[in-house]
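Q: My structure is stored as run.cif, with mmCIF, C-alpha atoms.
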```cif
data_structure
loop_
_atom_site.group_PDB
_atom_site.id
_atom_site.type_symbol
_atom_site.label_atom_id
_atom_site.label_comp_id
_atom_site.auth_asym_id
_atom_site.auth_seq_id
_atom_site.Cartn_x
_atom_site.Cartn_y
_atom_site.Cartn_z
ATOM 1 C CA MET A 1 -8.979 -29.583 4.829
ATOM 2 C CA ARG A 2 -10.159 -25.994 4.400
ATOM 3 C CA ILE A 3 -11.602 -24.552 7.606
ATOM 4 C CA THR A 4 -14.777 -23.546 5.782
ATOM 5 C CA GLU A 5 -15.318 -27.208 4.909
ATOM 6 C CA THR A 6 -14.545 -28.739 8.319
ATOM 7 C CA SER A 7 -17.300 -30.452 10.248
ATOM 8 C CA SER A 8 -19.699 -28.432 12.373
ATOM 9 C CA HIS A 9 -19.154 -28.338 16.133
ATOM 10 C CA TYR A 10 -22.741 -29.554 16.483
ATOM 11 C CA GLU A 11 -24.097 -33.047 15.830
ATOM 12 C CA ASN A 12 -27.574 -34.455 15.185
ATOM 13 C CA LEU A 13 -29.073 -31.130 14.172
ATOM 14 C CA GLU A 14 -32.289 -32.789 13.032
ATOM 15 C CA LYS A 15 -32.921 -33.976 16.599
ATOM 16 C CA MET A 16 -32.673 -30.512 18.163
ATOM 17 C CA GLU A 17 -35.645 -28.397 19.169
ATOM 18 C CA VAL A 18 -36.195 -25.173 17.223
ATOM 19 C CA ILE A 19 -35.138 -22.974 20.142
ATOM 20 C CA GLU A 20 -31.944 -24.987 20.527
ATOM 21 C CA LEU A 21 -31.091 -24.656 16.845
ATOM 22 C CA LEU A 22 -31.611 -20.903 16.962
ATOM 23 C CA GLN A 23 -29.521 -20.487 20.101
ATOM 24 C CA HIS A 24 -26.619 -22.411 18.581
ATOM 25 C CA ILE A 25 -26.774 -20.466 15.297
ATOM 26 C CA ASN A 26 -26.743 -17.236 17.261
ATOM 27 C CA ALA A 27 -23.804 -18.430 19.347
ATOM 28 C CA GLU A 28 -21.847 -19.111 16.169
ATOM 29 C CA ASP A 29 -22.802 -15.719 14.740
ATOM 30 C CA HIS A 30 -21.272 -14.053 17.789
ATOM 31 C CA LYS A 31 -17.873 -15.251 16.583
ATOM 32 C CA VAL A 32 -18.023 -13.225 13.381
ATOM 33 C CA ALA A 33 -17.568 -9.621 14.519
ATOM 34 C CA PRO A 34 -14.493 -10.404 16.666
ATOM 35 C CA ALA A 35 -12.926 -12.204 13.688
ATOM 36 C CA VAL A 36 -13.556 -9.145 11.509
ATOM 37 C CA LYS A 37 -12.119 -6.869 14.209
ATOM 38 C CA GLU A 38 -8.815 -8.719 13.968
ATOM 39 C CA LYS A 39 -8.564 -7.652 10.317
ATOM 40 C CA ILE A 40 -9.261 -3.928 10.679
ATOM 41 C CA SER A 41 -5.620 -3.040 10.024
ATOM 42 C CA ALA A 42 -5.675 -5.035 6.783
ATOM 43 C CA ILE A 43 -8.957 -3.427 5.731
ATOM 44 C CA SER A 44 -7.580 0.023 6.554
ATOM 45 C CA ALA A 45 -4.473 -0.557 4.455
ATOM 46 C CA LEU A 46 -6.664 -1.507 1.496
ATOM 47 C CA VAL A 47 -8.991 1.481 1.836
ATOM 48 C CA ASP A 48 -5.962 3.785 2.003
ATOM 49 C CA GLN A 49 -5.010 2.480 -1.432
ATOM 50 C CA ILE A 50 -8.501 2.579 -2.963
ATOM 51 C CA VAL A 51 -9.440 6.149 -2.048
ATOM 52 C CA PRO A 52 -6.711 8.041 -3.947
ATOM 53 C CA ARG A 53 -7.261 5.835 -6.986
ATOM 54 C CA MET A 54 -10.973 6.571 -7.016
ATOM 55 C CA ARG A 55 -10.303 10.287 -6.574
ATOM 56 C CA GLU A 56 -8.373 10.078 -9.842
ATOM 57 C CA GLY A 57 -11.196 8.277 -11.645
ATOM 58 C CA GLY A 58 -10.575 4.654 -10.694
ATOM 59 C CA ARG A 59 -13.414 2.252 -10.009
ATOM 60 C CA LEU A 60 -13.979 -0.592 -7.589
ATOM 61 C CA PHE A 61 -14.828 -4.057 -8.920
ATOM 62 C CA TYR A 62 -16.080 -6.955 -6.817
ATOM 63 C CA ILE A 63 -15.839 -10.424 -8.364
ATOM 64 C CA GLY A 64 -17.270 -13.588 -6.851
ATOM 65 C CA ALA A 65 -19.384 -16.694 -7.349
ATOM 66 C CA GLY A 66 -22.491 -17.916 -5.551
ATOM 67 C CA THR A 67 -23.132 -16.259 -2.193
ATOM 68 C CA SER A 68 -19.875 -14.326 -2.401
ATOM 69 C CA GLY A 69 -20.768 -12.947 -5.820
ATOM 70 C CA ARG A 70 -24.259 -11.997 -4.672
ATOM 71 C CA LEU A 71 -22.854 -10.131 -1.686
ATOM 72 C CA GLY A 72 -20.564 -8.143 -3.977
ATOM 73 C CA VAL A 73 -23.453 -7.300 -6.293
ATOM 74 C CA LEU A 74 -25.549 -6.262 -3.285
ATOM 75 C CA ASP A 75 -22.901 -3.928 -1.917
ATOM 76 C CA ALA A 76 -22.204 -2.389 -5.315
ATOM 77 C CA SER A 77 -25.884 -1.889 -6.102
ATOM 78 C CA GLU A 78 -26.463 0.005 -2.862
ATOM 79 C CA CYS A 79 -23.791 2.637 -3.519
ATOM 80 C CA PRO A 80 -25.663 4.749 -6.115
ATOM 81 C CA PRO A 81 -28.898 5.162 -4.118
ATOM 82 C CA THR A 82 -27.091 5.630 -0.803
ATOM 83 C CA TYR A 83 -24.351 7.994 -1.925
ATOM 84 C CA GLY A 84 -25.626 9.398 -5.218
ATOM 85 C CA VAL A 85 -22.635 8.084 -7.159
ATOM 86 C CA PRO A 86 -22.687 6.821 -10.768
ATOM 87 C CA HIS A 87 -23.495 3.161 -11.264
ATOM 88 C CA ASP A 88 -20.031 2.472 -12.643
ATOM 89 C CA TRP A 89 -18.109 3.642 -9.564
ATOM 90 C CA VAL A 90 -18.594 0.318 -7.781
ATOM 91 C CA ILE A 91 -19.326 -2.720 -9.954
ATOM 92 C CA GLY A 92 -20.326 -6.171 -8.734
ATOM 93 C CA LEU A 93 -19.648 -9.109 -11.060
ATOM 94 C CA ILE A 94 -20.876 -12.633 -10.404
ATOM 95 C CA ALA A 95 -19.837 -15.833 -12.159
ATOM 96 C CA GLY A 96 -22.560 -16.727 -14.637
ATOM 97 C CA GLY A 97 -23.754 -13.154 -15.084
ATOM 98 C CA ASP A 98 -26.765 -11.390 -13.606
ATOM 99 C CA LYS A 99 -28.996 -14.455 -13.982
ATOM 100 C CA ALA A 100 -26.786 -16.149 -11.375
ATOM 101 C CA ILE A 101 -27.951 -13.645 -8.770
ATOM 102 C CA ARG A 102 -31.187 -15.595 -8.424
ATOM 103 C CA LYS A 103 -30.324 -19.032 -9.767
ATOM 104 C CA ALA A 104 -27.075 -21.008 -9.754
ATOM 105 C CA VAL A 105 -25.375 -21.300 -13.141
ATOM 106 C CA GLU A 106 -23.709 -24.686 -13.573
ATOM 107 C CA ASN A 107 -19.884 -24.643 -13.685
ATOM 108 C CA ALA A 108 -19.743 -20.844 -14.022
ATOM 109 C CA GLU A 109 -17.271 -20.474 -11.177
ATOM 110 C CA ASP A 110 -14.857 -22.995 -12.693
ATOM 111 C CA ASP A 111 -13.729 -20.788 -15.596
ATOM 112 C CA PRO A 112 -10.546 -18.909 -14.578
ATOM 113 C CA GLU A 113 -10.714 -16.593 -17.604
ATOM 114 C CA MET A 114 -14.314 -15.440 -17.343
ATOM 115 C CA ALA A 115 -13.942 -12.810 -14.612
ATOM 116 C CA TRP A 116 -11.422 -10.809 -16.601
ATOM 117 C CA LYS A 117 -13.678 -11.036 -19.662
ATOM 118 C CA ASP A 118 -16.502 -9.687 -17.477
ATOM 119 C CA ILE A 119 -14.285 -6.810 -16.325
ATOM 120 C CA LEU A 120 -13.347 -6.026 -19.920
ATOM 121 C CA GLY A 121 -17.015 -5.386 -20.587
ATOM 122 C CA TYR A 122 -16.535 -2.198 -18.556
ATOM 123 C CA GLY A 123 -13.059 -1.382 -19.810
ATOM 124 C CA PHE A 124 -10.243 -1.048 -17.302
ATOM 125 C CA SER A 125 -7.647 1.352 -15.990
ATOM 126 C CA GLU A 126 -4.611 0.928 -13.747
ATOM 127 C CA LEU A 127 -6.494 3.151 -11.300
ATOM 128 C CA ASP A 128 -9.152 0.456 -10.864
ATOM 129 C CA THR A 129 -9.306 -1.950 -7.922
ATOM 130 C CA VAL A 130 -10.476 -5.572 -8.083
ATOM 131 C CA ILE A 131 -11.563 -7.324 -4.891
ATOM 132 C CA GLY A 132 -12.057 -11.076 -5.196
ATOM 133 C CA ILE A 133 -14.613 -12.526 -2.798
ATOM 134 C CA ALA A 134 -14.529 -16.264 -2.049
ATOM 135 C CA ALA A 135 -15.072 -17.930 1.300
ATOM 136 C CA SER A 136 -12.988 -20.924 0.261
ATOM 137 C CA GLY A 137 -10.257 -18.883 -1.386
ATOM 138 C CA THR A 138 -10.088 -21.461 -4.160
ATOM 139 C CA THR A 139 -12.720 -20.358 -6.705
ATOM 140 C CA PRO A 140 -11.139 -20.387 -10.210
ATOM 141 C CA TYR A 141 -13.346 -17.542 -11.501
ATOM 142 C CA VAL A 142 -12.096 -15.279 -8.723
ATOM 143 C CA ILE A 143 -8.441 -16.365 -8.675
ATOM 144 C CA GLY A 144 -8.141 -16.048 -12.456
ATOM 145 C CA GLY A 145 -9.730 -12.610 -12.360
ATOM 146 C CA VAL A 146 -7.450 -11.125 -9.717
ATOM 147 C CA LYS A 147 -4.336 -12.690 -11.235
ATOM 148 C CA THR A 148 -4.982 -11.095 -14.619
ATOM 149 C CA ALA A 149 -5.992 -7.812 -13.023
ATOM 150 C CA ARG A 150 -2.739 -7.714 -11.082
ATOM 151 C CA GLU A 151 -0.740 -8.507 -14.209
ATOM 152 C CA LYS A 152 -2.453 -5.564 -15.927
ATOM 153 C CA GLY A 153 -1.455 -3.208 -13.110
ATOM 154 C CA LEU A 154 -4.763 -2.944 -11.258
ATOM 155 C CA LEU A 155 -4.846 -2.947 -7.457
ATOM 156 C CA THR A 156 -5.979 -6.344 -6.175
ATOM 157 C CA ALA A 157 -7.406 -7.574 -2.871
ATOM 158 C CA CYS A 158 -9.570 -10.385 -1.580
ATOM 159 C CA ILE A 159 -12.001 -11.317 1.160
ATOM 160 C CA THR A 160 -11.776 -14.969 2.170
ATOM 161 C CA CYS A 161 -12.468 -17.118 5.210
ATOM 162 C CA ASN A 162 -9.606 -19.614 4.931
ATOM 163 C CA PRO A 163 -5.999 -18.837 5.843
ATOM 164 C CA ASP A 164 -3.173 -19.129 3.305
ATOM 165 C CA SER A 165 -5.494 -19.753 0.376
ATOM 166 C CA PRO A 166 -4.521 -19.580 -3.317
ATOM 167 C CA LEU A 167 -6.685 -16.475 -3.614
ATOM 168 C CA ALA A 168 -4.882 -14.686 -0.781
ATOM 169 C CA LYS A 169 -1.537 -15.495 -2.380
ATOM 170 C CA ALA A 170 -2.691 -14.039 -5.698
ATOM 171 C CA VAL A 171 -3.480 -10.511 -4.441
ATOM 172 C CA GLU A 172 -1.632 -7.600 -2.886
ATOM 173 C CA TYR A 173 -4.082 -6.997 -0.046
ATOM 174 C CA PRO A 174 -5.571 -10.216 1.362
ATOM 175 C CA ILE A 175 -8.273 -9.967 4.033
ATOM 176 C CA GLU A 176 -8.642 -13.387 5.651
ATOM 177 C CA VAL A 177 -11.508 -13.488 8.153
ATOM 178 C CA VAL A 178 -11.414 -16.954 9.689
ATOM 179 C CA VAL A 179 -14.712 -17.660 11.423
ATOM 180 C CA GLY A 180 -14.362 -21.437 11.847
ATOM 181 C CA PRO A 181 -16.651 -24.285 10.778
ATOM 182 C CA GLU A 182 -20.200 -23.453 9.787
ATOM 183 C CA PHE A 183 -23.206 -24.545 11.874
ATOM 184 C CA VAL A 184 -24.304 -26.646 8.918
ATOM 185 C CA THR A 185 -21.061 -28.121 7.607
ATOM 186 C CA GLY A 186 -19.829 -26.244 4.550
ATOM 187 C CA SER A 187 -22.760 -23.806 4.388
ATOM 188 C CA THR A 188 -20.663 -20.710 3.856
ATOM 189 C CA ARG A 189 -23.709 -18.509 3.292
ATOM 190 C CA MET A 190 -23.859 -18.433 7.090
ATOM 191 C CA LYS A 191 -20.884 -17.161 9.159
ATOM 192 C CA SER A 192 -18.570 -16.749 6.179
ATOM 193 C CA GLY A 193 -21.197 -14.820 4.257
ATOM 194 C CA THR A 194 -21.882 -12.627 7.272
ATOM 195 C CA ALA A 195 -18.168 -11.906 7.649
ATOM 196 C CA GLN A 196 -17.868 -10.991 3.970
ATOM 197 C CA LYS A 197 -20.893 -8.683 4.224
ATOM 198 C CA LEU A 198 -19.420 -6.903 7.248
ATOM 199 C CA VAL A 199 -16.100 -6.346 5.477
ATOM 200 C CA LEU A 200 -17.809 -5.103 2.319
ATOM 201 C CA ASN A 201 -19.876 -2.679 4.426
ATOM 202 C CA MET A 202 -16.678 -1.370 5.999
ATOM 203 C CA ILE A 203 -14.843 -0.957 2.718
ATOM 204 C CA SER A 204 -17.552 0.776 0.695
ATOM 205 C CA THR A 205 -18.817 2.962 3.542
ATOM 206 C CA THR A 206 -15.348 4.160 4.509
ATOM 207 C CA VAL A 207 -14.389 4.787 0.883
ATOM 208 C CA MET A 208 -17.534 6.827 0.261
ATOM 209 C CA ILE A 209 -17.027 8.882 3.414
ATOM 210 C CA LYS A 210 -13.435 9.668 2.442
ATOM 211 C CA LEU A 211 -14.604 10.608 -1.061
ATOM 212 C CA GLY A 212 -16.876 13.240 0.490
ATOM 213 C CA ARG A 213 -20.221 11.513 -0.029
ATOM 214 C CA VAL A 214 -21.227 11.914 3.643
ATOM 215 C CA LYS A 215 -21.492 15.190 5.570
ATOM 216 C CA GLY A 216 -21.518 14.989 9.347
ATOM 217 C CA ASN A 217 -23.176 11.602 9.586
ATOM 218 C CA LYS A 218 -25.750 12.123 6.850
ATOM 219 C CA MET A 219 -26.189 10.633 3.363
ATOM 220 C CA VAL A 220 -26.451 14.066 1.788
ATOM 221 C CA ASP A 221 -26.262 12.787 -1.798
ATOM 222 C CA MET A 222 -28.719 9.891 -1.510
ATOM 223 C CA GLN A 223 -31.149 9.435 -4.373
ATOM 224 C CA LEU A 224 -34.702 10.567 -3.626
ATOM 225 C CA SER A 225 -36.271 7.498 -5.186
ATOM 226 C CA ASN A 226 -39.299 7.054 -2.913
ATOM 227 C CA SER A 227 -41.441 8.920 -0.393
ATOM 228 C CA LYS A 228 -39.547 7.503 2.603
ATOM 229 C CA LEU A 229 -36.263 8.899 1.311
ATOM 230 C CA VAL A 230 -37.836 12.256 0.443
ATOM 231 C CA ASP A 231 -39.155 12.422 4.001
ATOM 232 C CA ARG A 232 -35.731 11.506 5.401
ATOM 233 C CA ALA A 233 -34.068 14.133 3.248
ATOM 234 C CA THR A 234 -36.598 16.753 4.296
ATOM 235 C CA LYS A 235 -35.884 16.105 7.963
ATOM 236 C CA MET A 236 -32.147 16.326 7.311
ATOM 237 C CA VAL A 237 -32.634 19.737 5.713
ATOM 238 C CA MET A 238 -34.862 20.824 8.599
ATOM 239 C CA GLU A 239 -32.098 19.870 11.039
ATOM 240 C CA ALA A 240 -29.413 21.659 9.027
ATOM 241 C CA THR A 241 -31.359 24.857 8.368
ATOM 242 C CA GLY A 242 -34.106 25.238 10.975
ATOM 243 C CA LEU A 243 -36.770 25.409 8.275
ATOM 244 C CA ASP A 244 -40.226 23.951 8.853
ATOM 245 C CA TYR A 245 -41.225 20.704 7.145
ATOM 246 C CA ALA A 246 -43.187 22.185 4.246
ATOM 247 C CA VAL A 247 -40.467 24.643 3.218
ATOM 248 C CA ALA A 248 -37.703 22.088 3.651
ATOM 249 C CA ASN A 249 -39.658 19.561 1.614
ATOM 250 C CA GLU A 250 -40.172 22.029 -1.230
ATOM 251 C CA LEU A 251 -36.467 22.844 -1.178
ATOM 252 C CA VAL A 252 -35.478 19.177 -1.305
ATOM 253 C CA LEU A 253 -37.803 18.475 -4.216
ATOM 254 C CA SER A 254 -36.632 21.502 -6.189
ATOM 255 C CA GLN A 255 -32.905 20.962 -5.577
ATOM 256 C CA GLY A 256 -32.813 17.164 -5.795
ATOM 257 C CA SER A 257 -30.645 16.313 -2.786
ATOM 258 C CA VAL A 258 -29.914 17.208 0.806
ATOM 259 C CA ARG A 259 -26.542 18.644 -0.153
ATOM 260 C CA ASN A 260 -27.954 20.842 -2.919
ATOM 261 C CA ALA A 261 -30.899 21.980 -0.815
ATOM 262 C CA THR A 262 -28.718 22.944 2.132
ATOM 263 C CA GLU A 263 -26.163 24.731 -0.020
ATOM 264 C CA TYR A 264 -28.911 26.568 -1.893
ATOM 265 C CA TYR A 265 -30.487 27.700 1.374
ATOM 266 C CA TYR A 266 -27.302 29.138 2.832
ATOM 267 C CA LYS A 267 -26.265 30.720 -0.467
ATOM 268 C CA ASN A 268 -29.578 32.530 -0.748
ATOM 269 C CA LYS A 269 -30.329 33.077 2.942
ATOM 270 C CA GLY A 270 -31.410 36.599 3.636
#
```
Give the structure from this file in structure tokens form.
A:
Amino acid sequence: MRITETSSHYENLEKMEVIELLQHINAEDHKVAPAVKEKISAISALVDQIVPRMREGGRLFYIGAGTSGRLGVLDASECPPTYGVPHDWVIGLIAGGDKAIRKAVENAEDDPEMAWKDILGYGFSELDTVIGIAASGTTPYVIGGVKTAREKGLLTACITCNPDSPLAKAVEYPIEVVVGPEFVTGSTRMKSGTAQKLVLNMISTTVMIKLGRVKGNKMVDMQLSNSKLVDRATKMVMEATGLDYAVANELVLSQGSVRNATEYYYKNKG
């Protein structure tokens, strides 16, 4: 039996007090980060392959179903506002299409040909990377997608929570984060989902840093899409230049980003 489907270590959950349930969930969550740590070398090897491809114009695709698909969409959707990159640099695809983000689409994950069709909607290049996300490592939508992508010459990887899965065997760079049985048997939105989210954070953040979208430790290209972010950007410019708030704020608004504002200031200083 797949580890993600094995029975919980805890019995009679309905008889536990609320505090007891929360303590046990938290205890299980503590197992996730150490499991991810064991896979840092594998994650590093993948990032080392992604970065040069993206420098040459390649893109990063995430494909998944259910929770795994939603996590990929989440990570992809955060890249443009956080790093100021185009929306087609990192693309999240979920079985059943965007409507499946909110509501399950019956049998969508069972079609092994659909993921590649979804990728074709964006066109493809051998510089692209496809990362299949599936806790079980058995989802047909994901396996079919990475298999075809690999046949077409794209770089392929996966994030799964079972060892030696069909998905891991189908890709060049498998990342298998084994976190053990879920607190509620088979509920992979819990520890497995958390593990997948942590790995996705590591991949996209490290890629964006290596592509020059962070300076120092600041998101210098973030989109100024609300007052909170304008305020954050203003304070970043204040720190970088020594300007007061009002002047820094005017500079941010006129130049459109922390990077542009800072570069403009030093170019025209004095």
Q: When you look at region 254-269 of chain A with a cut-off of 9 Å (counting all atoms listed in the file), what residues show up, excluding the ones that are within fewer than 2 positions of it in the same chain? I need them as a compact mmCIF listing (two decimals) with C-alpha atoms, in the frame of the given file.
A:
```
# COMPACT_ATOMS: atom_id res chain seq x y z
CA GLY A 84 -25.63 9.40 -5.22
CA LYS A 215 -21.49 15.19 5.57
CA LYS A 218 -25.75 12.12 6.85
CA MET A 219 -26.19 10.63 3.36
CA VAL A 220 -26.45 14.07 1.79
CA ASP A 221 -26.26 12.79 -1.80
CA MET A 222 -28.72 9.89 -1.51
CA GLN A 223 -31.15 9.44 -4.37
CA LEU A 224 -34.70 10.57 -3.63
CA VAL A 230 -37.84 12.26 0.44
CA ALA A 233 -34.07 14.13 3.25
CA THR A 234 -36.60 16.75 4.30
CA MET A 236 -32.15 16.33 7.31
CA VAL A 237 -32.63 19.74 5.71
CA ALA A 240 -29.41 21.66 9.03
CA THR A 241 -31.36 24.86 8.37
CA ALA A 248 -37.70 22.09 3.65
CA ASN A 249 -39.66 19.56 1.61
CA GLU A 250 -40.17 22.03 -1.23
CA LEU A 251 -36.47 22.84 -1.18
CA VAL A 252 -35.48 19.18 -1.30
```
Q: So which one's closest to Glu28 (chain A), A:Lys191, A:Lys210, A:Lys169, A:Lys103? Using only C-alpha atoms, please.
A: A:Lys191
Q: Please identify all polymer residues within 8 Å of Glu176 (chain A), counting all atoms listed in the file, omitting same-chain residues fewer than 4 positions from it, and present them as a PyMOL selection string.
A: chain A and resi 39+158-163+168
Q: List the residues matched by the PyMOL selection byres ((chain A and resi 128-135) around 7) in the displayed structure as a PyMOL selection string, ordered by chain and then by residue number.
A: chain A and resi 50+53+58-64+68-69+124-127+136-137+139+142+146+154-162+188+192
Q: So, counting all atoms listed in the file, which residue among A:Pro181, A:Gly72, A:Thr82, A:Ala27 is closest to Ser225 (chain A)?
A: A:Thr82
Q: Would you compute the distance between CA of Ser8 (chain A) and CA of Gln196 (chain A)? Give it in Å to one decimal.
A: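 It comes out at 19.4 Å.
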Q: Which is closer to His9 (chain A) than all the others in A:Gly57, A:His24, A:Thr67, A:Val207, using all atoms listed in the file?
A: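 Answer, going by the shortest atom-to-atom distance: A:His24.
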Q: Might you pull out every residue within 9 Å of Thr6 (chain A), with only C-alpha atoms counted and same-chain residues fewer than 6 positions away left off, and present them as a list in words?
A: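 Residues meeting the cut-off are Gly180, Pro181, Glu182, Thr185 and Gly186 of chain A.
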Q: Residues at most 10 Å from Glu11 (chain A), counting all atoms listed in the file, excluding those fewer than 4 positions away in the same chain, as number ranges by chain?
A: A: 7, 15-16, 183-184
Q: Could you give me, as a list in words, the residues that sit within 10 Å of (-8.6, -1.4, 1.9) in the file's coordinates, counting all atoms listed in the file?
A: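 Those residues, ordered by chain and then number, are Ile40, Ser41, Ala42, Ile43, Ser44, Ala45, Leu46, Val47, Asp48, Gln49, Ile50, Val51, Thr129, Ile131, Thr156, Ala157, Cys158, Tyr173, Pro174, Ile175, Val199, Leu200, Met202, Ile203, Ser204, Thr206 and Val207 of chain A.
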Q: Dump C-alpha atoms for the selected residues as a PDB file, keeping the file's coordinate frame?
A:
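The result, written out as result25.pdb:
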```
ATOM      1  CA  ILE A  40      -9.261  -3.928  10.679  1.00  0.00           C
ATOM      2  CA  SER A  41      -5.620  -3.040  10.024  1.00  0.00           C
ATOM      3  CA  ALA A  42      -5.675  -5.035   6.783  1.00  0.00           C
ATOM      4  CA  ILE A  43      -8.957  -3.427   5.731  1.00  0.00           C
ATOM      5  CA  SER A  44      -7.580   0.023   6.554  1.00  0.00           C
ATOM      6  CA  ALA A  45      -4.473  -0.557   4.455  1.00  0.00           C
ATOM      7  CA  LEU A  46      -6.664  -1.507   1.496  1.00  0.00           C
ATOM      8  CA  VAL A  47      -8.991   1.481   1.836  1.00  0.00           C
ATOM      9  CA  ASP A  48      -5.962   3.785   2.003  1.00  0.00           C
ATOM     10  CA  GLN A  49      -5.010   2.480  -1.432  1.00  0.00           C
ATOM     11  CA  ILE A  50      -8.501   2.579  -2.963  1.00  0.00           C
ATOM     12  CA  VAL A  51      -9.440   6.149  -2.048  1.00  0.00           C
ATOM     13  CA  THR A 129      -9.306  -1.950  -7.922  1.00  0.00           C
ATOM     14  CA  ILE A 131     -11.563  -7.324  -4.891  1.00  0.00           C
ATOM     15  CA  THR A 156      -5.979  -6.344  -6.175  1.00  0.00           C
ATOM     16  CA  ALA A 157      -7.406  -7.574  -2.871  1.00  0.00           C
ATOM     17  CA  CYS A 158      -9.570 -10.385  -1.580  1.00  0.00           C
ATOM     18  CA  TYR A 173      -4.082  -6.997  -0.046  1.00  0.00           C
ATOM     19  CA  PRO A 174      -5.571 -10.216   1.362  1.00  0.00           C
ATOM     20  CA  ILE A 175      -8.273  -9.967   4.033  1.00  0.00           C
ATOM     21  CA  VAL A 199     -16.100  -6.346   5.477  1.00  0.00           C
ATOM     22  CA  LEU A 200     -17.809  -5.103   2.319  1.00  0.00           C
ATOM     23  CA  MET A 202     -16.678  -1.370   5.999  1.00  0.00           C
ATOM     24  CA  ILE A 203     -14.843  -0.957   2.718  1.00  0.00           C
ATOM     25  CA  SER A 204     -17.552   0.776   0.695  1.00  0.00           C
ATOM     26  CA  THR A 206     -15.348   4.160   4.509  1.00  0.00           C
ATOM     27  CA  VAL A 207     -14.389   4.787   0.883  1.00  0.00           C
TER      28      VAL A 207
END
```
Q: Report the distance between CA of Glu5 (chain A) and CA of Ile19 (chain A) in Å, rounded to one decimal place.
A: 25.4 Å
Q: May I ask for the distance between CA of Val32 (chain A) and CA of Pro81 (chain A), given in Å to one decimal place?
A: 27.6 Å
Q: Step by step, work through what the PyMOL selection byres ((chain A and resi 91-98) around 9) selects in the shown file, and finish by giving those residues as a ChimeraX atom specification.
A: /A:59-66,68-77,87-90,99-102,104-111,114-115,118-119,141-142
Q: Counting only C-alpha atoms, which of A:Pro112, A:Pro140, A:Pro80, A:Gly193 gets nearest to Arg213 (chain A)?
A: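 Distance minimum relative to Arg213 (chain A) lands on A:Pro80.
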